[in-house]
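Let me begin by presenting the structure, written as structure tokens, before commenting on it.
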Amino acid sequence: MTPEIMTLLMFGTLMLCIALGHPLAITLAAVATFYGLIEYDGNISVLIDLFVNNAWGLQQNYVLVAIPLFIFMAQILDRSKVSEGLFDALYIVLGGLRGGLGMAVIVVSTVFAATTGIIGASVVAMGLMAGPALLKRGYQTGLGAGIICSSGTLGILIPPSIMLVVYGGLTGMKETSVGNLFAAAILPGILLSGIYLAYVAIRCGINPSLGPPIPKEERTATLGQKLSMTLKSFVPPFSLILIVMGTILAGIATPTEAAALGCIGAMVLALFNRKLTWEVLSQTCNATLRTTAMIMLLFVGGKLFSVVFLSMGGGDVVADLLLGMDVHDYVILAIMMGVVFIMGMFIDWAAILLVVVPIFTPIANDLGFDPLWFAMLVCVNLQTSFLTPPFGYALFYFKGVAPPEYSMGDIYKGILPFVLIQVIGLGVMIAFPQIVTWLPTVFFGG
């Protein structure tokens with residue numbers, strides 16, 4: 001069979017198996033094995049050598065050591081209730097504004113995102129804290145669900161992000177090192193958070209019934225009390241952000257070393273909050289092991305799929321198809337972003353990176369796009385995968401902990417404007433690449 005037919009069959013088989021509900025990691029490996037046997041004429045020994053060498057090379061990637069460390073840090077923070085104090089403070093500070101409580105959720109989620117790198121922890125924590133509070137204050141259920149789910153997904157973009165660690169480990173390029181990716185993601189994360197805030201403020205300003213302010217009789221805190229509460233609740237997470245991101249951007253520590261420092265910092269915060277117990281440590285280690293094993297299994301399956309796909313010429317087929325089109329370079333970019341967006345509706349982000357990065361990165365390089373800028377576009381695009389039906393993980397995380405008043409229909413309706421906001425944010429980054437490239441240039445010279 002020709003490479004073109006093999007490429008179509010391999011992708012078609014993958015989509016069919018996913019639609020049938022088979023585990024993604026196993027599906028990737030199984031499809032790779034089946035088409036690998038076809039490609040190598042049934043020579044199983046060649047295929048085994050190929051799989052073993054690539055799987056072993058993946059496990060030897062030092063950058064990926066940061067993954068369990070950042071997961072451990074996120075799990076400790078989730079159990080130490082660091083975000084609760086900040087939410088309580090901002091509840092009082094911003095609650096008097098129209099949509100103020102919703103804006104408080106966005107601010108807390110943004111800060112929490114800069115300390116965790118995992119969206120599950122952010123969405124669940126904010127769902128438990130803010131879900132009932134928004135209902136109590138009369139917020140429209142769809143708007144409340146959209147605020148919590150969308151702001152919770154910032155954890156996959158704002159560093160320290162597991163997705164950025166994975167991307168840097170996959171490319172092995174200086175331009176897309178983990179340090180450069182971390183620096184590049186700061187302003188896009190702030191941009192999206194700012195657009196969320198503006199959307200909630202404008203929409204609730206026009207229609208106060210969507211997000212009413214706290215009644216005047218309950219606004220008893222003085223300015224001094226508000227400042228004191230905010231500072232006390234903000235200093236601990238900011239200190240952790242400084243430890244992790246500050247050491248990376250200052251060139252003092254590698255991302256892996258900074259992740260280890262972050263683990264120590266998270267444990268210190270848990271100790272101060274009197275949450276550092278043997279039970280918490282045991283639960284944290286167990287959750288870290290399970291999550292890391294799941295991610296690494298996906299890595300292995302995705303790596304095997306991409307190796308076989310590229311070896312049969314699939315990458316060349318896709319490259320020839322896109323580069324051979326008589327259209328503007330940005331049309332090809334839009335097609336690649338569209339493919340990533342659609343795949344995000346059905347496939348886990350890690351598997352998408354493992355499949356897409358080896359195929360699309362060479363095409364982006366041939367088109368003359370900045371590798372770091374293109375990487376950030378892919379990562380921002382993948383943030384939507386947590387919100388887009390039918391398999392938006394953030395939606396199910398929230399539904400699992402939300403009060404029953406939040407129906408699945410309300411959640412789906414509520415996230416649609418925020419998905420559109422993320423697409424708008426992506427467009428702004430395409431129009432103004434400096435949003436991505438400026439900070440890496442400042443800290444690392446490119």
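Just remember, in the structure tokens the first chain shown is A, the second B, etc., residues are 1-based per chain, and ligands are 1-based in the order shown.
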
Hey, what's within 10 Å of region 12-24 of chain A if we count only C-alpha atoms and toss same-chain stuff fewer than 6 positions away? As number ranges by chain, please?
A: 6, 30-32, 35, 297-298, 301-302, 305, 343, 346-348, 351

List the neighbours of Phe374 (chain A) out to 8 Å using only C-alpha atoms; skip same-chain residues closer than 4 positions along the sequence, and give me the result as a ChimeraX atom specification.
/A:361,364,369-370,378

Written selection (N, CA, C and O atoms) as a PDB file, in the first residue's frame:
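In the end it all went to part_7.pdb:
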ATOM      1  N   THR A 361       5.694  20.220  13.812  1.00  0.00           N
ATOM      2  CA  THR A 361       6.849  21.088  14.081  1.00  0.00           C
ATOM      3  C   THR A 361       7.743  21.261  12.851  1.00  0.00           C
ATOM      4  O   THR A 361       8.137  22.390  12.524  1.00  0.00           O
ATOM      5  N   ALA A 364       5.987  23.652  10.504  1.00  0.00           N
ATOM      6  CA  ALA A 364       6.073  25.043  10.984  1.00  0.00           C
ATOM      7  C   ALA A 364       7.461  25.621  10.725  1.00  0.00           C
ATOM      8  O   ALA A 364       7.595  26.793  10.338  1.00  0.00           O
ATOM      9  N   PHE A 369       8.064  29.770  10.692  1.00  0.00           N
ATOM     10  CA  PHE A 369       7.479  30.225  11.945  1.00  0.00           C
ATOM     11  C   PHE A 369       8.464  30.045  13.095  1.00  0.00           C
ATOM     12  O   PHE A 369       9.227  29.074  13.124  1.00  0.00           O
ATOM     13  N   ASP A 370       8.416  30.967  14.051  1.00  0.00           N
ATOM     14  CA  ASP A 370       9.229  30.859  15.258  1.00  0.00           C
ATOM     15  C   ASP A 370       8.813  29.593  16.012  1.00  0.00           C
ATOM     16  O   ASP A 370       7.635  29.437  16.352  1.00  0.00           O
ATOM     17  N   VAL A 378       0.130  25.974  19.965  1.00  0.00           N
ATOM     18  CA  VAL A 378      -0.377  24.610  20.152  1.00  0.00           C
ATOM     19  C   VAL A 378      -0.845  24.419  21.592  1.00  0.00           C
ATOM     20  O   VAL A 378      -1.925  23.861  21.853  1.00  0.00           O
TER      21      VAL A 378
END

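Each of A:Tyr412, A:Phe234, A:Phe360, A:Phe396 was compared to Ile332 (chain A) using only C-alpha atoms, and A:Phe360 turns out to be the nearest.
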
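For Met408 (chain A), the list of residues within 10 Å, based on only C-alpha atoms and with local chain neighbours fewer than 3 positions off taken out, reads A:Gly142, A:Ala145, A:Leu395, A:Phe396, A:Phe398, A:Lys399, A:Pro404, A:Glu405, A:Ile411, A:Tyr412, A:Lys413, A:Gly414.
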
Next, the residues of the selection above should be written as an mmCIF file, in the first residue's frame with C-alpha atoms.
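Once everything was written out, this is result-v6.cif:
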data_model
loop_
_atom_site.group_PDB
_atom_site.id
_atom_site.type_symbol
_atom_site.label_atom_id
_atom_site.label_comp_id
_atom_site.auth_asym_id
_atom_site.auth_seq_id
_atom_site.Cartn_x
_atom_site.Cartn_y
_atom_site.Cartn_z
ATOM 1 C CA GLY A 142 -24.185 28.501 33.459
ATOM 2 C CA ALA A 145 -19.865 26.816 35.793
ATOM 3 C CA LEU A 395 -16.537 19.753 32.758
ATOM 4 C CA PHE A 396 -16.636 16.317 34.365
ATOM 5 C CA PHE A 398 -16.613 20.158 38.044
ATOM 6 C CA LYS A 399 -19.803 18.115 37.701
ATOM 7 C CA PRO A 404 -26.883 19.264 41.941
ATOM 8 C CA GLU A 405 -28.266 22.631 40.775
ATOM 9 C CA ILE A 411 -22.308 23.500 32.232
ATOM 10 C CA TYR A 412 -22.136 22.939 28.459
ATOM 11 C CA LYS A 413 -23.912 26.232 27.767
ATOM 12 C CA GLY A 414 -21.810 28.107 30.283
#
